[in-house]
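Everything below belongs to entry_30.txt, which stores compact mmCIF, C-alpha atoms.
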```
# COMPACT_ATOMS: atom_id res chain seq x y z
CA MET A 1430 167.96 46.81 128.69
CA PHE A 1431 168.06 48.30 132.15
CA GLN A 1432 168.09 46.71 135.57
CA LEU A 1433 165.48 48.03 137.95
CA LEU A 1434 167.38 47.97 141.18
CA GLN A 1435 166.00 48.46 144.65
CA GLY A 1436 167.09 51.60 146.52
CA HIS A 1437 168.45 50.22 149.75
CA ILE A 1438 171.80 51.19 151.24
CA GLN A 1439 174.75 48.93 150.50
CA PRO A 1440 177.56 48.94 153.11
CA ALA A 1441 181.20 48.99 152.12
CA GLY A 1442 182.26 45.73 150.54
CA HIS A 1443 184.48 43.34 152.44
CA GLN A 1444 188.05 42.79 151.32
CA SER A 1445 188.51 39.66 149.37
CA ARG A 1446 191.20 37.16 150.29
CA LYS A 1447 192.28 36.88 146.68
CA THR A 1448 196.01 37.30 146.23
CA ARG A 1449 196.77 40.71 144.76
CA LEU A 1450 199.88 42.56 143.70
CA VAL A 1451 199.07 45.77 145.60
CA THR A 1452 197.31 45.56 148.95
CA LYS A 1453 194.55 47.94 149.97
CA ASP A 1454 197.04 50.01 152.01
CA GLY A 1455 199.46 50.30 149.09
CA HIS A 1456 202.10 47.67 149.87
CA CYS A 1457 203.43 45.57 146.97
CA ASN A 1458 203.00 41.83 147.43
CA ILE A 1459 206.11 40.65 145.61
CA GLU A 1460 209.30 38.82 146.49
CA PHE A 1461 212.58 38.35 144.63
CA GLY A 1462 214.25 34.97 144.32
CA ASN A 1463 217.45 33.51 142.90
CA ILE A 1464 219.34 36.78 143.23
CA GLU A 1465 223.07 36.45 142.68
CA TYR A 1466 225.09 36.73 145.86
CA SER A 1467 227.15 39.60 144.47
CA ASN A 1468 224.02 41.71 144.05
CA HIS A 1469 223.52 41.75 147.82
CA PHE A 1470 226.51 44.06 148.12
CA ALA A 1471 224.43 46.70 146.35
CA TYR A 1472 222.56 47.20 149.64
CA VAL A 1473 225.89 47.87 151.37
CA VAL A 1474 227.00 50.32 148.71
CA ASP A 1475 223.69 52.21 149.01
CA LEU A 1476 224.04 52.31 152.79
CA TRP A 1477 221.96 55.43 153.37
CA THR A 1478 218.86 54.14 151.56
CA THR A 1479 219.23 50.79 153.33
CA PHE A 1480 219.24 52.46 156.75
CA VAL A 1481 216.28 54.68 155.89
CA GLU A 1482 214.13 51.83 154.58
CA ILE A 1483 214.74 49.23 157.30
CA ARG A 1484 212.25 48.80 160.12
CA TRP A 1485 212.30 50.96 163.21
CA ARG A 1486 213.32 48.07 165.46
CA PHE A 1487 216.53 47.64 163.51
CA VAL A 1488 217.20 51.38 163.46
CA LEU A 1489 216.89 51.55 167.24
CA PHE A 1490 219.11 48.48 167.60
CA LEU A 1491 221.78 50.04 165.36
CA PHE A 1492 221.47 53.33 167.25
CA VAL A 1493 222.25 51.67 170.56
CA ALA A 1494 224.85 49.30 169.11
CA SER A 1495 226.76 52.05 167.29
CA PHE A 1496 227.22 54.19 170.39
CA THR A 1497 227.87 51.44 172.94
CA GLY A 1498 230.11 49.60 170.47
CA SER A 1499 232.24 52.69 169.80
CA TRP A 1500 232.48 53.43 173.52
CA PHE A 1501 233.64 49.90 174.29
CA LEU A 1502 236.05 49.77 171.34
CA PHE A 1503 237.81 52.96 172.40
CA SER A 1504 237.76 51.85 176.04
CA LEU A 1505 239.90 48.87 175.00
CA LEU A 1506 242.38 51.26 173.36
CA TRP A 1507 242.48 53.50 176.41
CA TYR A 1508 242.96 50.45 178.60
CA TRP A 1509 245.82 49.25 176.38
CA ILE A 1510 247.55 52.65 176.63
CA ALA A 1511 247.15 52.68 180.40
CA LYS A 1512 248.46 49.14 180.70
CA SER A 1513 251.41 49.85 178.41
CA ASN A 1514 252.36 52.84 180.55
CA GLY A 1515 251.96 50.92 183.79
CA ASP A 1516 249.01 52.95 185.07
CA LEU A 1517 246.79 50.02 186.08
CA THR A 1518 246.22 48.95 189.65
CA GLY A 1519 248.65 46.19 190.66
CA GLN A 1520 251.38 47.15 188.24
CA ASN A 1521 254.79 47.98 189.68
CA ARG A 1522 255.30 51.71 189.48
CA THR A 1523 258.66 53.38 189.89
CA ASN A 1524 259.28 56.56 191.79
CA GLY A 1525 258.37 59.58 189.69
CA HIS A 1526 255.99 57.58 187.45
CA VAL A 1527 253.91 59.86 185.23
CA GLN A 1528 250.47 58.56 184.16
CA CYS A 1529 249.10 59.05 180.66
CA ILE A 1530 245.49 59.32 181.96
CA ASP A 1531 244.56 60.23 185.50
CA ASN A 1532 242.33 57.79 187.39
CA VAL A 1533 242.17 55.20 184.58
CA ASN A 1534 243.43 52.13 186.37
CA SER A 1535 240.94 49.43 185.21
CA LEU A 1536 238.81 48.39 182.26
CA THR A 1537 235.72 49.83 183.91
CA ALA A 1538 237.43 53.15 184.45
CA ALA A 1539 238.62 53.08 180.82
CA PHE A 1540 235.05 52.50 179.60
CA LEU A 1541 233.72 55.38 181.69
CA TYR A 1542 236.48 57.64 180.39
CA SER A 1543 235.66 56.64 176.78
CA LEU A 1544 231.96 57.40 177.34
CA GLU A 1545 232.69 60.76 178.99
CA THR A 1546 235.05 61.74 176.18
CA GLN A 1547 232.75 60.86 173.26
CA THR A 1548 229.65 62.40 174.84
CA THR A 1549 231.62 65.46 176.07
CA ILE A 1550 230.37 64.95 179.63
CA GLY A 1551 233.74 65.51 181.34
CA TYR A 1552 233.12 65.03 185.06
CA GLY A 1553 236.70 66.12 185.78
CA GLY A 1554 237.83 62.97 187.60
CA ARG A 1555 239.58 61.50 184.58
CA ALA A 1556 241.68 63.48 182.14
CA LEU A 1557 244.73 63.31 179.93
CA THR A 1558 248.02 64.40 181.46
CA GLY A 1559 249.57 65.38 178.14
CA HIS A 1560 252.73 63.35 178.68
CA CYS A 1561 251.81 60.65 176.12
CA ALA A 1562 251.55 61.57 172.44
CA GLY A 1563 249.42 58.50 171.69
CA THR A 1564 246.62 59.70 173.97
CA VAL A 1565 246.38 63.02 172.13
CA ALA A 1566 246.03 61.29 168.76
CA LEU A 1567 243.48 58.82 170.12
CA ILE A 1568 241.22 61.48 171.65
CA ILE A 1569 241.18 63.36 168.33
CA VAL A 1570 240.18 60.20 166.46
CA GLN A 1571 237.44 59.31 168.96
CA SER A 1572 235.99 62.83 168.90
CA LEU A 1573 235.77 62.83 165.09
CA ILE A 1574 234.21 59.37 164.96
CA GLY A 1575 231.74 60.33 167.71
CA VAL A 1576 230.62 63.41 165.73
CA PHE A 1577 230.18 61.27 162.59
CA ILE A 1578 228.04 58.70 164.44
CA ASN A 1579 225.91 61.47 165.96
CA CYS A 1580 225.28 63.11 162.57
CA PHE A 1581 224.58 59.84 160.77
CA MET A 1582 222.14 58.40 163.29
CA CYS A 1583 220.30 61.71 163.78
CA GLY A 1584 219.99 62.02 160.00
CA VAL A 1585 218.59 58.50 159.66
CA ILE A 1586 215.99 59.05 162.38
CA LEU A 1587 214.98 62.44 160.96
CA ALA A 1588 214.72 60.99 157.44
CA LYS A 1589 212.55 58.10 158.61
CA ILE A 1590 210.23 60.43 160.52
CA SER A 1591 209.78 62.69 157.48
CA LEU A 1592 209.31 59.95 154.88
CA PRO A 1593 206.69 60.94 152.28
CA LYS A 1594 204.90 57.61 152.67
CA LYS A 1595 203.89 58.71 156.16
CA ARG A 1596 202.03 61.60 154.54
CA ALA A 1597 200.37 59.06 152.27
CA LYS A 1598 198.77 57.45 155.32
CA THR A 1599 196.45 60.46 155.56
CA VAL A 1600 195.08 59.93 152.04
CA THR A 1601 192.45 57.22 151.77
CA PHE A 1602 190.49 55.54 148.98
CA SER A 1603 187.01 54.06 149.13
CA ASP A 1604 186.86 50.36 149.98
CA THR A 1605 184.92 49.60 146.81
CA ALA A 1606 184.42 50.99 143.32
CA VAL A 1607 181.02 51.36 141.66
CA VAL A 1608 179.70 51.28 138.10
CA CYS A 1609 176.78 53.54 137.24
CA LEU A 1610 175.62 56.23 134.83
CA LYS A 1611 177.27 59.63 135.04
CA LYS A 1612 176.68 62.49 132.60
CA GLY A 1613 175.04 60.17 130.09
CA SER A 1614 177.87 57.62 130.07
CA LEU A 1615 178.51 54.39 131.87
CA CYS A 1616 181.40 55.05 134.29
CA LEU A 1617 183.54 53.36 136.91
CA LEU A 1618 183.68 55.54 140.05
CA ILE A 1619 186.01 55.59 143.06
CA ARG A 1620 186.42 58.01 145.94
CA VAL A 1621 189.56 59.51 147.43
CA ALA A 1622 189.92 61.82 150.43
CA ASN A 1623 192.68 63.88 152.02
CA LEU A 1624 192.36 63.63 155.80
CA ARG A 1625 194.58 66.66 156.41
CA LYS A 1626 193.64 70.28 155.80
CA THR A 1627 196.98 70.91 154.08
CA LEU A 1628 196.76 70.32 150.34
CA LEU A 1629 198.59 68.00 148.00
CA ILE A 1630 199.94 70.29 145.30
CA GLY A 1631 199.95 69.18 141.68
CA SER A 1632 197.95 66.04 142.37
CA GLN A 1633 197.55 63.59 139.50
CA ILE A 1634 195.60 60.36 139.47
CA TYR A 1635 195.82 57.44 137.08
CA GLY A 1636 195.26 53.70 137.04
CA LYS A 1637 196.78 50.49 135.75
CA LEU A 1638 194.80 47.37 134.92
CA LEU A 1639 196.82 44.24 135.70
CA ARG A 1640 195.76 40.98 134.10
CA THR A 1641 197.14 37.89 132.41
CA THR A 1642 196.89 38.02 128.62
CA THR A 1643 197.87 35.75 125.74
CA THR A 1644 199.32 37.26 122.58
CA THR A 1645 198.56 36.13 119.03
CA ASP A 1646 201.86 34.24 119.09
CA GLY A 1647 200.69 32.16 122.05
CA GLU A 1648 202.90 33.96 124.58
CA THR A 1649 201.36 34.34 128.04
CA ILE A 1650 202.07 37.70 129.68
CA ILE A 1651 201.58 37.75 133.43
CA LEU A 1652 200.72 41.12 134.96
CA ASP A 1653 200.14 42.80 131.63
CA GLN A 1654 199.55 46.50 132.29
CA VAL A 1655 196.89 48.61 130.58
CA ASP A 1656 196.43 52.33 131.23
CA VAL A 1657 193.15 53.44 132.82
CA ASP A 1658 192.39 57.17 132.78
CA PHE A 1659 190.46 58.74 135.65
CA LEU A 1660 188.79 62.14 135.53
CA VAL A 1661 187.02 64.58 137.76
CA ASP A 1662 184.65 67.28 136.60
CA ALA A 1663 187.53 69.77 136.43
CA GLY A 1664 189.95 67.47 134.58
CA LYS A 1665 192.55 64.93 135.64
CA ASP A 1666 195.61 67.05 136.47
CA ASN A 1667 196.26 69.51 139.32
CA LEU A 1668 193.32 68.42 141.43
CA PHE A 1669 191.98 70.85 144.03
CA PHE A 1670 192.22 68.31 146.80
CA VAL A 1671 190.55 70.22 149.62
CA CYS A 1672 187.63 67.81 150.06
CA PRO A 1673 186.87 64.20 149.03
CA LEU A 1674 186.71 63.72 145.28
CA THR A 1675 184.77 61.22 143.19
CA LEU A 1676 186.90 60.06 140.27
CA TYR A 1677 185.38 58.34 137.26
CA HIS A 1678 186.53 56.38 134.26
CA VAL A 1679 184.28 56.46 131.19
CA ILE A 1680 183.61 52.93 129.91
CA ASN A 1681 183.63 53.30 126.14
CA ARG A 1682 185.10 51.44 123.18
CA SER A 1683 188.65 52.42 124.16
CA SER A 1684 188.19 51.26 127.77
CA PRO A 1685 189.55 47.88 128.90
CA PHE A 1686 186.20 47.33 130.68
CA TYR A 1687 184.16 47.64 127.48
CA GLU A 1688 183.33 43.92 127.25
CA LEU A 1689 182.24 43.58 130.88
CA SER A 1690 178.69 43.24 132.11
CA ALA A 1691 176.96 42.89 135.44
CA ASP A 1692 176.96 39.09 135.09
CA THR A 1693 180.53 38.58 133.87
CA LEU A 1694 182.26 41.03 136.22
CA PRO A 1695 182.49 38.72 139.29
CA GLN A 1696 184.06 35.95 137.18
CA GLN A 1697 186.87 38.17 135.86
CA ASP A 1698 190.49 37.88 136.97
CA PHE A 1699 192.15 41.29 137.02
CA GLU A 1700 193.39 43.92 139.43
CA LEU A 1701 192.83 47.65 139.07
CA VAL A 1702 195.64 49.62 140.73
CA VAL A 1703 194.95 53.33 141.30
CA PHE A 1704 197.77 55.82 141.93
CA LEU A 1705 197.67 59.34 143.31
CA ASP A 1706 200.83 61.46 143.01
CA GLY A 1707 201.26 64.81 144.71
CA THR A 1708 203.56 67.15 146.63
CA ALA A 1709 202.91 67.82 150.31
CA GLU A 1710 202.27 71.51 150.89
CA SER A 1711 203.97 71.64 154.30
CA THR A 1712 207.15 69.65 153.51
CA SER A 1713 207.44 70.00 149.69
CA SER A 1714 208.14 66.27 149.48
CA SER A 1715 206.64 64.15 146.73
CA CYS A 1716 204.50 61.22 147.75
CA GLN A 1717 202.46 58.52 146.07
CA VAL A 1718 199.33 56.84 147.38
CA ARG A 1719 198.07 53.63 145.81
CA THR A 1720 195.41 51.02 146.32
CA SER A 1721 193.84 48.25 144.28
CA TYR A 1722 190.44 46.82 143.42
CA ILE A 1723 189.63 43.29 142.32
CA PRO A 1724 186.38 42.35 140.54
CA GLN A 1725 184.71 41.35 143.81
CA GLU A 1726 185.26 44.90 145.07
CA ILE A 1727 183.56 46.58 142.10
CA GLN A 1728 179.80 47.01 142.53
CA TRP A 1729 177.81 47.16 139.30
CA GLY A 1730 174.63 49.25 139.55
CA TYR A 1731 175.58 51.28 142.61
CA SER A 1732 176.36 54.92 143.25
CA PHE A 1733 178.15 56.54 146.17
CA LEU A 1734 176.13 58.34 148.81
CA PRO A 1735 176.66 62.11 149.11
CA ILE A 1736 178.97 63.05 151.96
CA ILE A 1737 179.40 66.84 151.63
CA SER A 1738 176.83 69.19 153.11
CA ARG A 1739 176.68 72.76 154.31
CA SER A 1740 175.94 73.61 157.90
CA LYS A 1741 173.81 76.48 159.14
CA THR A 1742 176.95 78.40 160.06
CA GLY A 1743 178.14 78.32 156.46
CA LYS A 1744 180.84 75.69 156.88
CA TYR A 1745 181.11 72.65 154.65
CA HIS A 1746 180.75 69.36 156.49
CA VAL A 1747 182.16 66.03 155.30
CA ASP A 1748 180.48 62.90 156.68
CA PHE A 1749 183.08 60.13 156.45
CA SER A 1750 180.61 57.55 157.75
CA ASN A 1751 179.19 57.39 154.20
CA PHE A 1752 182.56 57.59 152.46
CA SER A 1753 182.50 54.00 151.17
CA LYS A 1754 178.75 53.42 151.29
CA SER A 1755 176.72 53.13 148.12
CA VAL A 1756 173.10 52.86 147.03
CA GLN A 1757 171.61 50.84 144.19
CA VAL A 1758 170.57 52.84 141.14
CA THR A 1759 169.12 52.08 137.73
CA THR A 1760 172.05 51.02 135.56
CA PRO A 1761 172.42 49.34 132.16
CA HIS A 1762 173.29 45.66 132.25
CA CYS A 1763 176.29 46.20 129.99
CA VAL A 1764 177.85 48.83 127.76
CA HIS A 1765 176.42 47.18 124.63
CA CYS A 1766 172.91 47.38 126.11
CA PHE A 1767 173.39 51.03 126.92
CA GLU A 1768 174.65 51.86 123.42
CA THR A 1769 171.82 49.85 121.79
CA ASP A 1770 169.16 51.64 123.81
CA ALA A 1771 170.77 55.00 123.06
CA ASP A 1772 170.79 54.24 119.32
CA LYS A 1773 167.11 53.22 119.40
CA ARG A 1774 166.15 56.39 121.21
CA ASN A 1775 168.08 58.52 118.73
CA HIS A 1776 166.51 56.67 115.78
CA ASN A 1777 162.98 57.07 117.13
CA SER A 1778 163.51 60.73 117.81
CA ARG A 1779 164.68 61.30 114.24
CA ASN A 1780 161.62 59.48 112.78
CA GLN A 1781 159.28 61.55 114.86
CA GLN A 1782 160.66 64.82 113.57
CA LYS A 1783 158.32 66.70 111.15
CA MET A 1784 159.64 67.66 107.78
CA GLY A 1785 157.60 70.93 107.56
CA ILE A 1786 155.27 73.33 109.33
CA ASP A 1787 151.47 73.37 108.86
CA ASN A 1788 150.00 76.74 107.89
CA LEU A 1789 146.61 76.92 109.56
CA GLY A 1790 145.56 79.86 107.32
CA PHE A 1791 145.89 77.83 104.16
CA GLN A 1792 142.77 76.11 102.75
CA ALA A 1793 142.84 73.53 100.00
CA ILE A 1794 139.97 73.40 97.45
CA ASP A 1795 139.15 71.10 94.56
CA ILE A 1796 138.99 72.53 91.01
CA HIS A 1797 136.86 70.40 88.61
CA ASP A 1798 137.02 72.49 85.46
CA SER A 1799 139.82 74.58 84.25
CA ILE A 1800 138.51 78.16 83.71
CA ASP A 1801 140.44 80.73 81.82
CA ILE A 1802 140.16 83.88 83.94
CA THR A 1803 142.63 85.87 81.96
CA LYS A 1804 141.08 88.83 80.22
CA MET A 1805 142.64 90.85 77.47
```
What is this structure when it is put down as structure tokens?
Amino acid sequence: MFQLLQGHIQPAGHQSRKTRLVTKDGHCNIEFGNIEYSNHFAYVVDLWTTFVEIRWRFVLFLFVASFTGSWFLFSLLWYWIAKSNGDLTGQNRTNGHVQCIDNVNSLTAAFLYSLETQTTIGYGGRALTGHCAGTVALIIVQSLIGVFINCFMCGVILAKISLPKKRAKTVTFSDTAVVCLKKGSLCLLIRVANLRKTLLIGSQIYGKLLRTTTTTDGETIILDQVDVDFLVDAGKDNLFFVCPLTLYHVINRSSPFYELSADTLPQQDFELVVFLDGTAESTSSSCQVRTSYIPQEIQWGYSFLPIISRSKTGKYHVDFSNFSKSVQVTTPHCVHCFETDADKRNHNSRNQQKMGIDNLGFQAIDIHDSIDITKM
């Protein structure tokens, strides 16, 4: 049984407010509770990953705090050396007094000297005299620590800028999925597009169906995962991702969507998470793009509008205004209906086949008496 659907344009479906595990932009909606206090030290042990993954506001705060904090900490040490040697203003100096640091006679002057030393500015107004061994050791320590802070903070900022997930922002999925006929099979279709001209090498796409199931033993499994295979006309691995692709999943007896129909789909409770893995051509960094679809975002009996055309100059043009738009098409009401109609058509075609070929030159006659025509 087929639905005769009207051919008007259907805009991209709105995002449902239903709680989902993976948001449309790929973020995981999950939180961890009742974690043992000792496990929090794991974030301190893995300090580099912690710094790379925290938000930019905290990175900028740590950037400023690390430099100003080190400057102030060493300024206190320089001030202590100057005070211990009697170099500060107001201290009683004897005749022939030799200063450890020239022109460091207050805490402010000690802070400026610490800043000039660690940033290698060196205005020339403040300098070591070389008469105190402690100042030589302290300037070596501050220089080494300053180089370490420079390398660490520059590395963190560079790593955050070049994170692969930033490349994933330029790969987008269609807002909705559609179910329609494709190559004689009922299929679930989605669209994905690479907004950059640089390719994603070795791209692979796959899906996971998340739903709550109950086993035969009565155990309830929340977020039970079922594999969903997606294909393109050229296969499913090493996609040539130069233009938007339409991916499809064949709904057959091995598909988790086999029991669905146009009527029961909106009442289902599942989440289809789609993943796209690839390597950025320009940076050689691996990245993963993901999105999710809930039943309210799957349109039964629709097909995507074409978006690729060829201009008069010979260039291929991609119209992203129709990227998530779909049009109603004639589609079976369910997989069972489609298979039943296909079986009937095959059965009728077999019955209509002729078992032989008529010879138009052959004429049948009736013989009433048997006549012996054999002559000896």
| query | Which one of A:Cys1763, A:Ser1572, A:Leu1506, A:Cys1583 sits closest to Phe1480 of chain A if you count all atoms listed in the file? | reply | A:Cys1583
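With only C-alpha atoms as the atoms that count, the residue of A:Ser1543, A:Thr1558, A:Gln1697, A:Ser1721 with the shortest distance to Tyr1635 of chain A is A:Ser1721.
Across A:Phe1670, A:Phe1699, A:Trp1477, A:Tyr1552, the tightest approach to Met1582 of chain A is made by A:Trp1477 when counting all atoms listed in the file.
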| field | Residue neighbourhood Gln1633 of chain A, 12 Å, all atoms listed in the file, exclusion window fewer than 4 positions, as a ChimeraX atom specification | value | /A:1621,1629,1658-1661,1664-1670,1676,1703-1708,1715-1719
| So, counting all atoms listed in the file, which residue among A:Leu1652, A:Leu1701, A:Ile1510, A:Ile1737 is closest to Ala1566 of chain A? | A:Ile1510
Final N, CA, C and O atoms of segment 1746-1769 of chain A as a compact mmCIF listing (two decimals), in the coordinates of the input:
```txt
# COMPACT_ATOMS: atom_id res chain seq x y z
N HIS A 1746 180.59 70.51 155.60
CA HIS A 1746 180.75 69.36 156.49
C HIS A 1746 180.90 68.09 155.65
O HIS A 1746 180.14 67.87 154.70
N VAL A 1747 181.90 67.29 155.99
CA VAL A 1747 182.16 66.03 155.30
C VAL A 1747 181.84 64.88 156.26
O VAL A 1747 182.43 64.78 157.33
N ASP A 1748 180.90 64.04 155.86
CA ASP A 1748 180.48 62.90 156.68
C ASP A 1748 181.20 61.65 156.18
O ASP A 1748 180.81 61.04 155.19
N PHE A 1749 182.28 61.27 156.87
CA PHE A 1749 183.08 60.13 156.45
C PHE A 1749 182.41 58.79 156.78
O PHE A 1749 182.92 57.75 156.38
N SER A 1750 181.31 58.80 157.49
CA SER A 1750 180.61 57.55 157.75
C SER A 1750 180.00 56.98 156.47
O SER A 1750 179.77 55.77 156.37
N ASN A 1751 179.75 57.84 155.49
CA ASN A 1751 179.19 57.39 154.20
C ASN A 1751 180.24 57.38 153.09
O ASN A 1751 179.89 57.31 151.91
N PHE A 1752 181.51 57.45 153.47
CA PHE A 1752 182.56 57.59 152.46
C PHE A 1752 182.60 56.40 151.50
O PHE A 1752 182.75 56.57 150.29
N SER A 1753 182.44 55.19 152.02
CA SER A 1753 182.50 54.00 151.17
C SER A 1753 181.15 53.35 150.97
O SER A 1753 181.07 52.27 150.38
N LYS A 1754 180.08 53.99 151.44
CA LYS A 1754 178.75 53.42 151.29
C LYS A 1754 178.17 53.79 149.94
O LYS A 1754 178.44 54.86 149.40
N SER A 1755 177.33 52.91 149.43
CA SER A 1755 176.72 53.13 148.12
C SER A 1755 175.26 52.71 148.15
O SER A 1755 174.82 51.99 149.05
N VAL A 1756 174.52 53.16 147.15
CA VAL A 1756 173.10 52.86 147.03
C VAL A 1756 172.84 52.34 145.62
O VAL A 1756 173.47 52.78 144.66
N GLN A 1757 171.93 51.40 145.50
CA GLN A 1757 171.61 50.84 144.19
C GLN A 1757 170.85 51.86 143.34
O GLN A 1757 169.97 52.58 143.84
N VAL A 1758 171.20 51.92 142.09
CA VAL A 1758 170.57 52.84 141.14
C VAL A 1758 170.29 52.08 139.85
O VAL A 1758 170.81 50.98 139.61
N THR A 1759 169.44 52.66 139.03
CA THR A 1759 169.12 52.08 137.73
C THR A 1759 170.33 52.20 136.81
O THR A 1759 170.81 53.30 136.54
N THR A 1760 170.81 51.05 136.33
CA THR A 1760 172.05 51.02 135.56
C THR A 1760 171.91 50.02 134.43
O THR A 1760 171.31 48.95 134.61
N PRO A 1761 172.44 50.33 133.26
CA PRO A 1761 172.42 49.34 132.16
C PRO A 1761 173.15 48.06 132.56
O PRO A 1761 174.09 48.08 133.35
N HIS A 1762 172.70 46.96 131.96
CA HIS A 1762 173.29 45.66 132.25
C HIS A 1762 174.69 45.54 131.70
O HIS A 1762 175.53 44.84 132.24
N CYS A 1763 174.97 46.23 130.61
CA CYS A 1763 176.29 46.20 129.99
C CYS A 1763 176.43 47.43 129.11
O CYS A 1763 175.46 48.16 128.88
N VAL A 1764 177.62 47.67 128.61
CA VAL A 1764 177.85 48.83 127.76
C VAL A 1764 177.12 48.66 126.43
O VAL A 1764 176.58 49.62 125.88
N HIS A 1765 177.11 47.43 125.90
CA HIS A 1765 176.42 47.18 124.63
C HIS A 1765 174.93 47.49 124.75
O HIS A 1765 174.32 48.06 123.84
N CYS A 1766 174.33 47.10 125.88
CA CYS A 1766 172.91 47.38 126.11
C CYS A 1766 172.66 48.88 126.15
O CYS A 1766 171.68 49.39 125.59
N PHE A 1767 173.53 49.58 126.81
CA PHE A 1767 173.39 51.03 126.92
C PHE A 1767 173.50 51.70 125.55
O PHE A 1767 172.71 52.59 125.21
N GLU A 1768 174.47 51.27 124.75
CA GLU A 1768 174.65 51.86 123.42
C GLU A 1768 173.48 51.50 122.50
O GLU A 1768 173.03 52.32 121.69
N THR A 1769 172.95 50.26 122.62
CA THR A 1769 171.82 49.85 121.79
C THR A 1769 170.57 50.67 122.12
O THR A 1769 169.87 51.14 121.22
```
